[in-house]
$ cat data-v3.txt   # compact mmCIF, N, CA and C atoms
# COMPACT_ATOMS: atom_id res chain seq x y z
N MET A 23 0.84 -1.19 0.00
CA MET A 23 0.00 0.00 0.00
C MET A 23 0.88 1.24 0.00
N GLU A 24 2.00 1.12 -0.64
CA GLU A 24 2.91 2.25 -0.72
C GLU A 24 2.27 3.40 -1.49
N GLY A 25 2.28 4.57 -0.91
CA GLY A 25 1.70 5.74 -1.55
C GLY A 25 0.20 5.87 -1.37
N VAL A 26 -0.41 4.97 -0.62
CA VAL A 26 -1.86 5.00 -0.39
C VAL A 26 -2.11 5.48 1.04
N SER A 27 -2.99 6.41 1.19
CA SER A 27 -3.31 6.92 2.53
C SER A 27 -4.09 5.87 3.32
N PRO A 28 -3.66 5.58 4.54
CA PRO A 28 -4.37 4.58 5.35
C PRO A 28 -5.61 5.14 6.05
N LYS A 29 -5.89 6.42 5.89
CA LYS A 29 -7.00 7.06 6.62
C LYS A 29 -8.36 6.40 6.39
N PRO A 30 -8.73 6.03 5.14
CA PRO A 30 -10.07 5.44 4.98
C PRO A 30 -10.13 3.95 5.34
N TYR A 31 -9.03 3.40 5.81
CA TYR A 31 -8.99 1.96 6.10
C TYR A 31 -9.01 1.69 7.60
N TYR A 32 -9.52 0.52 7.96
CA TYR A 32 -9.60 0.09 9.34
C TYR A 32 -8.99 -1.30 9.47
N LEU A 33 -8.81 -1.76 10.67
CA LEU A 33 -8.17 -3.05 10.90
C LEU A 33 -9.19 -4.13 11.25
N VAL A 34 -8.86 -5.35 10.85
CA VAL A 34 -9.62 -6.53 11.26
C VAL A 34 -8.63 -7.40 12.02
N ASN A 35 -8.78 -7.45 13.32
CA ASN A 35 -7.87 -8.20 14.18
C ASN A 35 -8.08 -9.70 14.05
N PRO A 36 -7.10 -10.48 14.50
CA PRO A 36 -7.30 -11.94 14.52
C PRO A 36 -8.56 -12.30 15.29
N ASP A 37 -9.30 -13.26 14.78
CA ASP A 37 -10.56 -13.77 15.33
C ASP A 37 -11.71 -12.77 15.28
N ALA A 38 -11.53 -11.68 14.54
CA ALA A 38 -12.62 -10.70 14.36
C ALA A 38 -13.38 -11.04 13.07
N PHE A 39 -14.54 -10.41 12.93
CA PHE A 39 -15.39 -10.59 11.76
C PHE A 39 -15.50 -9.26 11.04
N ALA A 40 -15.76 -9.32 9.75
CA ALA A 40 -16.05 -8.12 8.96
C ALA A 40 -17.15 -8.48 7.98
N TYR A 41 -18.06 -7.54 7.75
CA TYR A 41 -19.13 -7.80 6.79
C TYR A 41 -19.55 -6.51 6.11
N VAL A 42 -20.16 -6.67 4.95
CA VAL A 42 -20.70 -5.54 4.19
C VAL A 42 -22.15 -5.38 4.61
N THR A 43 -22.52 -4.17 5.00
CA THR A 43 -23.88 -3.94 5.50
C THR A 43 -24.92 -3.99 4.39
N VAL A 44 -24.54 -3.67 3.16
CA VAL A 44 -25.49 -3.65 2.05
C VAL A 44 -25.78 -5.10 1.65
N THR A 45 -27.06 -5.47 1.66
CA THR A 45 -27.45 -6.84 1.34
C THR A 45 -28.21 -6.95 0.02
N SER A 46 -28.56 -5.83 -0.59
CA SER A 46 -29.48 -5.86 -1.72
C SER A 46 -28.89 -6.41 -3.01
N ARG A 47 -27.59 -6.44 -3.19
CA ARG A 47 -27.04 -6.94 -4.45
C ARG A 47 -26.11 -8.12 -4.25
N ASN A 48 -26.29 -8.84 -3.17
CA ASN A 48 -25.40 -9.95 -2.87
C ASN A 48 -26.06 -11.31 -3.10
N GLY A 49 -27.09 -11.36 -3.90
CA GLY A 49 -27.79 -12.62 -4.09
C GLY A 49 -28.46 -13.01 -2.79
N GLU A 50 -28.30 -14.24 -2.39
CA GLU A 50 -28.95 -14.74 -1.18
C GLU A 50 -28.02 -14.75 0.02
N LYS A 51 -26.79 -14.29 -0.14
CA LYS A 51 -25.82 -14.38 0.95
C LYS A 51 -25.40 -13.01 1.45
N ILE A 52 -25.09 -12.95 2.73
CA ILE A 52 -24.49 -11.75 3.30
C ILE A 52 -22.97 -11.90 3.16
N SER A 53 -22.28 -10.83 2.81
CA SER A 53 -20.82 -10.88 2.64
C SER A 53 -20.19 -10.72 4.02
N LEU A 54 -19.77 -11.85 4.59
CA LEU A 54 -19.22 -11.85 5.94
C LEU A 54 -17.97 -12.72 5.96
N ALA A 55 -16.92 -12.24 6.63
CA ALA A 55 -15.66 -12.98 6.72
C ALA A 55 -15.17 -13.03 8.15
N HIS A 56 -14.49 -14.10 8.46
CA HIS A 56 -13.88 -14.29 9.78
C HIS A 56 -12.37 -14.32 9.58
N ASN A 57 -11.65 -13.51 10.32
CA ASN A 57 -10.19 -13.54 10.27
C ASN A 57 -9.71 -14.64 11.21
N GLY A 58 -9.57 -15.82 10.67
CA GLY A 58 -9.14 -16.97 11.47
C GLY A 58 -7.63 -17.11 11.55
N SER A 59 -6.89 -16.10 11.12
CA SER A 59 -5.43 -16.15 11.15
C SER A 59 -4.88 -15.39 12.35
N ASP A 60 -3.57 -15.39 12.46
CA ASP A 60 -2.90 -14.61 13.50
C ASP A 60 -2.51 -13.22 13.02
N ASP A 61 -2.85 -12.91 11.76
CA ASP A 61 -2.49 -11.63 11.16
C ASP A 61 -3.63 -10.63 11.29
N THR A 62 -3.28 -9.36 11.29
CA THR A 62 -4.28 -8.29 11.26
C THR A 62 -4.38 -7.82 9.82
N TYR A 63 -5.61 -7.64 9.34
CA TYR A 63 -5.84 -7.23 7.96
C TYR A 63 -6.45 -5.84 7.90
N VAL A 64 -6.35 -5.24 6.73
CA VAL A 64 -6.91 -3.93 6.49
C VAL A 64 -8.25 -4.12 5.79
N ARG A 65 -9.23 -3.32 6.17
CA ARG A 65 -10.54 -3.37 5.51
C ARG A 65 -10.93 -1.95 5.11
N SER A 66 -11.80 -1.86 4.13
CA SER A 66 -12.29 -0.55 3.72
C SER A 66 -13.45 -0.14 4.62
N SER A 67 -13.86 1.08 4.49
CA SER A 67 -14.95 1.59 5.32
C SER A 67 -16.30 0.99 4.92
N SER A 68 -16.37 0.29 3.81
CA SER A 68 -17.64 -0.35 3.43
C SER A 68 -17.89 -1.62 4.24
N TYR A 69 -16.89 -2.07 4.98
CA TYR A 69 -17.05 -3.23 5.85
C TYR A 69 -17.18 -2.77 7.30
N VAL A 70 -17.99 -3.49 8.07
CA VAL A 70 -18.12 -3.25 9.50
C VAL A 70 -17.42 -4.42 10.18
N ALA A 71 -16.60 -4.13 11.16
CA ALA A 71 -15.90 -5.19 11.89
C ALA A 71 -16.49 -5.32 13.29
N PHE A 72 -16.47 -6.53 13.80
CA PHE A 72 -16.88 -6.77 15.18
C PHE A 72 -16.15 -7.99 15.71
N GLU A 73 -16.07 -8.08 17.02
CA GLU A 73 -15.39 -9.18 17.68
C GLU A 73 -16.29 -9.79 18.74
N VAL A 74 -16.03 -11.03 19.05
CA VAL A 74 -16.73 -11.69 20.15
C VAL A 74 -16.24 -11.05 21.44
N GLY A 75 -17.16 -10.65 22.29
CA GLY A 75 -16.81 -9.95 23.52
C GLY A 75 -16.13 -10.84 24.55
N ASP A 76 -16.70 -11.99 24.83
CA ASP A 76 -16.17 -12.88 25.87
C ASP A 76 -15.82 -14.22 25.24
N LYS A 77 -14.54 -14.40 24.91
CA LYS A 77 -14.09 -15.61 24.22
C LYS A 77 -14.03 -16.81 25.16
N GLU A 78 -14.23 -16.59 26.44
CA GLU A 78 -14.33 -17.70 27.40
C GLU A 78 -15.73 -18.30 27.35
N LYS A 79 -16.68 -17.54 26.80
CA LYS A 79 -18.07 -17.99 26.72
C LYS A 79 -18.45 -18.41 25.29
N LEU A 80 -17.87 -17.73 24.30
CA LEU A 80 -18.22 -18.00 22.90
C LEU A 80 -16.96 -18.00 22.04
N ILE A 81 -16.69 -19.12 21.39
CA ILE A 81 -15.53 -19.25 20.53
C ILE A 81 -15.85 -18.61 19.18
N PRO A 82 -15.02 -17.69 18.68
CA PRO A 82 -15.31 -17.04 17.39
C PRO A 82 -15.50 -18.05 16.25
N SER A 83 -14.73 -19.12 16.24
CA SER A 83 -14.89 -20.13 15.18
C SER A 83 -16.26 -20.80 15.23
N HIS A 84 -16.81 -20.93 16.43
CA HIS A 84 -18.16 -21.47 16.57
C HIS A 84 -19.17 -20.49 15.97
N SER A 85 -18.96 -19.20 16.21
CA SER A 85 -19.82 -18.17 15.61
C SER A 85 -19.72 -18.22 14.09
N ARG A 86 -18.51 -18.40 13.57
CA ARG A 86 -18.31 -18.47 12.12
C ARG A 86 -19.17 -19.57 11.51
N ILE A 87 -19.21 -20.71 12.16
CA ILE A 87 -20.02 -21.82 11.66
C ILE A 87 -21.49 -21.41 11.63
N PHE A 88 -21.93 -20.74 12.67
CA PHE A 88 -23.32 -20.26 12.72
C PHE A 88 -23.59 -19.27 11.59
N PHE A 89 -22.68 -18.31 11.38
CA PHE A 89 -22.87 -17.29 10.34
C PHE A 89 -22.84 -17.88 8.93
N ASN A 90 -22.21 -19.03 8.75
CA ASN A 90 -22.14 -19.66 7.43
C ASN A 90 -23.41 -20.43 7.06
N ARG A 91 -24.34 -20.53 7.96
CA ARG A 91 -25.57 -21.27 7.71
C ARG A 91 -26.52 -20.47 6.82
N PRO A 92 -27.23 -21.14 5.92
CA PRO A 92 -28.22 -20.43 5.09
C PRO A 92 -29.29 -19.73 5.93
N ASP A 93 -29.61 -20.26 7.11
CA ASP A 93 -30.60 -19.62 7.99
C ASP A 93 -30.17 -18.21 8.37
N PHE A 94 -28.87 -18.03 8.62
CA PHE A 94 -28.39 -16.70 8.98
C PHE A 94 -28.51 -15.76 7.79
N ASP A 95 -28.17 -16.24 6.60
CA ASP A 95 -28.31 -15.40 5.40
C ASP A 95 -29.76 -14.97 5.21
N ARG A 96 -30.70 -15.90 5.38
CA ARG A 96 -32.12 -15.55 5.25
C ARG A 96 -32.53 -14.53 6.30
N PHE A 97 -32.07 -14.72 7.53
CA PHE A 97 -32.39 -13.77 8.60
C PHE A 97 -31.86 -12.38 8.26
N ALA A 98 -30.60 -12.31 7.84
CA ALA A 98 -29.98 -11.01 7.54
C ALA A 98 -30.72 -10.32 6.39
N ARG A 99 -31.10 -11.08 5.36
CA ARG A 99 -31.84 -10.48 4.25
C ARG A 99 -33.23 -10.02 4.70
N PHE A 100 -33.90 -10.84 5.50
CA PHE A 100 -35.24 -10.50 5.97
C PHE A 100 -35.19 -9.27 6.88
N ASP A 101 -34.15 -9.18 7.69
CA ASP A 101 -34.05 -8.10 8.67
C ASP A 101 -33.36 -6.85 8.11
N SER A 102 -33.03 -6.86 6.82
CA SER A 102 -32.41 -5.68 6.21
C SER A 102 -33.44 -4.58 6.04
N TRP A 103 -32.96 -3.34 6.10
CA TRP A 103 -33.83 -2.18 5.99
C TRP A 103 -33.43 -1.33 4.80
N GLY A 104 -34.41 -0.67 4.20
CA GLY A 104 -34.15 0.24 3.08
C GLY A 104 -35.06 -0.07 1.92
N SER A 105 -34.86 0.63 0.83
CA SER A 105 -35.68 0.38 -0.35
C SER A 105 -34.77 -0.04 -1.51
N ALA A 106 -34.12 0.90 -2.17
CA ALA A 106 -33.24 0.55 -3.28
C ALA A 106 -31.93 -0.05 -2.78
N ARG A 107 -31.56 0.28 -1.56
CA ARG A 107 -30.30 -0.20 -1.01
C ARG A 107 -30.54 -0.69 0.42
N GLU A 108 -30.84 -1.98 0.55
CA GLU A 108 -31.12 -2.55 1.85
C GLU A 108 -29.83 -2.79 2.62
N THR A 109 -29.88 -2.54 3.93
CA THR A 109 -28.69 -2.74 4.75
C THR A 109 -29.02 -3.52 6.02
N PHE A 110 -28.04 -4.25 6.49
CA PHE A 110 -28.08 -4.99 7.75
C PHE A 110 -27.02 -4.34 8.62
N ASN A 111 -27.44 -3.34 9.41
CA ASN A 111 -26.52 -2.50 10.16
C ASN A 111 -25.93 -3.20 11.37
N ARG A 112 -24.94 -2.56 11.95
CA ARG A 112 -24.28 -3.08 13.15
C ARG A 112 -25.28 -3.26 14.28
N GLU A 113 -26.23 -2.35 14.41
CA GLU A 113 -27.25 -2.47 15.44
C GLU A 113 -28.11 -3.72 15.21
N ASP A 114 -28.35 -4.05 13.93
CA ASP A 114 -29.14 -5.24 13.61
C ASP A 114 -28.45 -6.52 14.04
N THR A 115 -27.12 -6.52 14.02
CA THR A 115 -26.40 -7.74 14.42
C THR A 115 -26.63 -8.07 15.88
N ARG A 116 -26.93 -7.06 16.67
CA ARG A 116 -27.18 -7.30 18.10
C ARG A 116 -28.47 -8.08 18.33
N GLU A 117 -29.33 -8.11 17.33
CA GLU A 117 -30.59 -8.84 17.44
C GLU A 117 -30.44 -10.33 17.10
N VAL A 118 -29.28 -10.70 16.58
CA VAL A 118 -29.04 -12.10 16.20
C VAL A 118 -28.89 -12.95 17.45
N LYS A 119 -29.67 -14.00 17.53
CA LYS A 119 -29.61 -14.92 18.67
C LYS A 119 -28.75 -16.12 18.28
N ILE A 120 -27.59 -16.22 18.89
CA ILE A 120 -26.68 -17.33 18.62
C ILE A 120 -26.80 -18.34 19.75
N PRO A 121 -27.10 -19.60 19.42
CA PRO A 121 -27.13 -20.61 20.49
C PRO A 121 -25.72 -20.78 21.05
N ILE A 122 -25.58 -20.73 22.35
CA ILE A 122 -24.26 -20.82 22.97
C ILE A 122 -24.22 -22.04 23.89
N PRO A 123 -23.78 -23.17 23.35
CA PRO A 123 -23.62 -24.34 24.22
C PRO A 123 -22.38 -24.18 25.11
N ASP A 124 -22.18 -25.12 25.99
CA ASP A 124 -21.01 -25.13 26.85
C ASP A 124 -19.74 -25.02 26.00
N ILE A 125 -18.71 -24.39 26.52
CA ILE A 125 -17.48 -24.14 25.76
C ILE A 125 -16.83 -25.43 25.26
N THR A 126 -16.94 -26.52 26.02
CA THR A 126 -16.37 -27.79 25.56
C THR A 126 -17.15 -28.35 24.38
N VAL A 127 -18.46 -28.14 24.38
CA VAL A 127 -19.28 -28.55 23.25
C VAL A 127 -18.93 -27.71 22.02
N GLN A 128 -18.74 -26.40 22.22
CA GLN A 128 -18.34 -25.54 21.11
C GLN A 128 -17.02 -26.01 20.50
N ARG A 129 -16.04 -26.32 21.36
CA ARG A 129 -14.74 -26.80 20.85
C ARG A 129 -14.92 -28.07 20.03
N SER A 130 -15.77 -28.97 20.51
CA SER A 130 -16.02 -30.22 19.79
C SER A 130 -16.66 -29.95 18.43
N ILE A 131 -17.63 -29.05 18.40
CA ILE A 131 -18.29 -28.70 17.14
C ILE A 131 -17.28 -28.11 16.17
N VAL A 132 -16.44 -27.20 16.65
CA VAL A 132 -15.41 -26.58 15.80
C VAL A 132 -14.44 -27.64 15.29
N ASP A 133 -14.00 -28.54 16.16
CA ASP A 133 -13.06 -29.59 15.75
C ASP A 133 -13.67 -30.50 14.68
N ILE A 134 -14.92 -30.89 14.88
CA ILE A 134 -15.61 -31.75 13.90
C ILE A 134 -15.76 -31.01 12.57
N TYR A 135 -16.17 -29.76 12.63
CA TYR A 135 -16.34 -28.96 11.41
C TYR A 135 -15.01 -28.81 10.67
N ASN A 136 -13.94 -28.49 11.40
CA ASN A 136 -12.64 -28.33 10.76
C ASN A 136 -12.15 -29.64 10.15
N ALA A 137 -12.39 -30.75 10.83
CA ALA A 137 -12.02 -32.06 10.28
C ALA A 137 -12.81 -32.35 9.01
N TYR A 138 -14.09 -32.00 9.01
CA TYR A 138 -14.92 -32.19 7.81
C TYR A 138 -14.39 -31.36 6.64
N ILE A 139 -14.07 -30.08 6.89
CA ILE A 139 -13.57 -29.21 5.83
C ILE A 139 -12.23 -29.73 5.31
N GLU A 140 -11.36 -30.16 6.21
CA GLU A 140 -10.07 -30.71 5.79
C GLU A 140 -10.27 -31.97 4.95
N ARG A 141 -11.16 -32.84 5.40
CA ARG A 141 -11.43 -34.09 4.68
C ARG A 141 -12.02 -33.82 3.30
N ARG A 142 -12.90 -32.84 3.24
CA ARG A 142 -13.49 -32.47 1.94
C ARG A 142 -12.40 -32.00 0.98
N GLY A 143 -11.44 -31.22 1.50
CA GLY A 143 -10.33 -30.78 0.67
C GLY A 143 -9.46 -31.93 0.21
N ILE A 144 -9.23 -32.89 1.10
CA ILE A 144 -8.44 -34.08 0.74
C ILE A 144 -9.15 -34.86 -0.35
N ASP A 145 -10.47 -34.96 -0.26
CA ASP A 145 -11.24 -35.69 -1.27
C ASP A 145 -11.22 -34.99 -2.63
N GLU A 146 -11.13 -33.67 -2.64
CA GLU A 146 -11.17 -32.91 -3.89
C GLU A 146 -9.83 -32.90 -4.61
N ARG A 147 -8.72 -33.02 -3.88
CA ARG A 147 -7.39 -32.94 -4.52
C ARG A 147 -7.18 -33.98 -5.60
N PRO A 148 -7.49 -35.27 -5.34
CA PRO A 148 -7.30 -36.26 -6.43
C PRO A 148 -8.17 -35.97 -7.65
N LYS A 149 -9.37 -35.47 -7.44
CA LYS A 149 -10.24 -35.14 -8.57
C LYS A 149 -9.62 -34.04 -9.41
N ALA A 150 -9.06 -33.02 -8.75
CA ALA A 150 -8.42 -31.92 -9.48
C ALA A 150 -7.19 -32.43 -10.23
N ARG A 151 -6.40 -33.30 -9.60
CA ARG A 151 -5.23 -33.86 -10.27
C ARG A 151 -5.62 -34.70 -11.47
N MET A 152 -6.70 -35.47 -11.33
CA MET A 152 -7.16 -36.31 -12.44
C MET A 152 -7.54 -35.46 -13.64
N LYS A 153 -8.17 -34.32 -13.41
CA LYS A 153 -8.54 -33.44 -14.51
C LYS A 153 -7.31 -32.95 -15.25
N ASP A 154 -6.22 -32.67 -14.51
CA ASP A 154 -4.99 -32.21 -15.13
C ASP A 154 -4.29 -33.33 -15.88
N ILE A 155 -4.27 -34.51 -15.26
CA ILE A 155 -3.56 -35.65 -15.85
C ILE A 155 -4.34 -36.25 -17.01
N CYS A 156 -5.63 -36.40 -16.82
CA CYS A 156 -6.46 -37.11 -17.80
C CYS A 156 -7.72 -36.28 -18.07
N PRO A 157 -7.61 -35.27 -18.93
CA PRO A 157 -8.77 -34.41 -19.17
C PRO A 157 -9.89 -35.08 -19.97
N ILE A 158 -9.61 -36.22 -20.59
CA ILE A 158 -10.64 -36.92 -21.36
C ILE A 158 -11.58 -37.62 -20.38
N PRO A 159 -12.88 -37.39 -20.51
CA PRO A 159 -13.82 -38.02 -19.58
C PRO A 159 -13.72 -39.54 -19.60
N ILE A 160 -13.78 -40.11 -18.45
CA ILE A 160 -13.73 -41.56 -18.30
C ILE A 160 -15.16 -42.07 -18.37
N LYS A 161 -15.36 -43.19 -19.10
CA LYS A 161 -16.70 -43.74 -19.29
C LYS A 161 -17.38 -43.96 -17.94
N GLY A 162 -18.58 -43.39 -17.81
CA GLY A 162 -19.37 -43.54 -16.60
C GLY A 162 -19.12 -42.43 -15.59
N SER A 163 -18.24 -41.49 -15.90
CA SER A 163 -17.96 -40.42 -14.95
C SER A 163 -19.07 -39.39 -14.98
N PRO A 164 -19.19 -38.59 -13.91
CA PRO A 164 -20.23 -37.55 -13.89
C PRO A 164 -20.07 -36.55 -15.02
N GLU A 165 -18.81 -36.24 -15.42
CA GLU A 165 -18.60 -35.28 -16.51
C GLU A 165 -19.16 -35.83 -17.82
N GLU A 166 -18.97 -37.13 -18.05
CA GLU A 166 -19.48 -37.73 -19.28
C GLU A 166 -21.00 -37.72 -19.30
N ALA A 167 -21.59 -37.90 -18.13
CA ALA A 167 -23.05 -37.92 -18.02
C ALA A 167 -23.65 -36.52 -18.09
N GLY A 168 -22.79 -35.50 -18.11
CA GLY A 168 -23.27 -34.12 -18.19
C GLY A 168 -23.70 -33.56 -16.84
N ALA A 169 -23.29 -34.21 -15.75
CA ALA A 169 -23.66 -33.74 -14.41
C ALA A 169 -22.76 -32.62 -13.94
$ encode --input "data-v3.txt" --output "structure tokens"
Amino acid sequence: MEGVSPKPYYLVNPDAFAYVTVTSRNGEKISLAHNGSDDTYVRSSSYVAFEVGDKEKLIPSHSRIFFNRPDFDRFARFDSWGSARETFNREDTREVKIPIPDITVQRSIVDIYNAYIERRGIDERPKARMKDICPIPIKGSPEEAGA
């Protein structure tokens, strides 16, 4: 960002969330991200950032799983305000009811979810390699069937 003024930019700390308040042109999803790294990132003023207040009570990764659910997207779209440009403001996020199980249950849910995501990635790697190695459809494959 050499030569760029940092004034219009804000920070997204590790384990913080950032989202775009405008929901009207995002299809069915709210644009929301979780900084699951140890790095701090820069965001523009079009994003609102927030953090979990008490991490001893609510694990941010558990919240991320909740926010990734289609139910949350529907809620955010339904609860958006405006006419030509609907928004889901920071105040609206306070109305979101997140189920908060015991912290050990949250850790288990996060561990299972992360294992699932990792396993899904492992399953996809050979498929991607096969496409590179053998781009001709194999008889009976989903690509040959037009799926």
$ residues_around --input "data-v3.txt" --residues "A:Tyr31" --least-positions-apart "5" --cutoff "6 Å" --atoms "all atoms listed in the file" --output "JSON, numbers by chain"
{"A": [65, 66, 67]}
$ write_last_selection --input "data-v3.txt" --atoms "N, CA and C atoms" --output "short mmCIF file (atom, residue, chain, number, x, y, z; two decimals), in the coordinates of the input"
data_model
loop_
_atom_site.label_atom_id
_atom_site.label_comp_id
_atom_site.auth_asym_id
_atom_site.auth_seq_id
_atom_site.Cartn_x
_atom_site.Cartn_y
_atom_site.Cartn_z
N ARG A 65 -9.23 -3.32 6.17
CA ARG A 65 -10.54 -3.37 5.51
C ARG A 65 -10.93 -1.95 5.11
N SER A 66 -11.80 -1.86 4.13
CA SER A 66 -12.29 -0.55 3.72
C SER A 66 -13.45 -0.14 4.62
N SER A 67 -13.86 1.08 4.49
CA SER A 67 -14.95 1.59 5.32
C SER A 67 -16.30 0.99 4.92
#
$ axis_aligned_box --input "data-v3.txt" --around "stretch 33-48 of chain A" --padding-each-side "4 Å" --output "lines of an AutoDock Vina configuration file"
center_x = -18.3
center_y = -7.8
center_z = 5.4
size_x = 30.4
size_y = 20.0
size_z = 27.8
$ closest_residue --input "data-v3.txt" --among "A:Ile155, A:Ala71, A:Val26, A:Val64" --to "A:Ala40" --atoms "only N, CA and C atoms"
A:Ala71
$ select_by_dssp --input "data-v3.txt" --residues "stretch 81-169 of chain A" --states "alpha helix (DSSP H)" --output "number ranges by chain"
A: 82-89, 92-100, 112-115, 125-155
$ select_by_dssp --input "data-v3.txt" --residues "chain A" --states "strand (DSSP E)" --output "ChimeraX atom specification"
/A:32-34,39-42,54-56,63-65,69-72
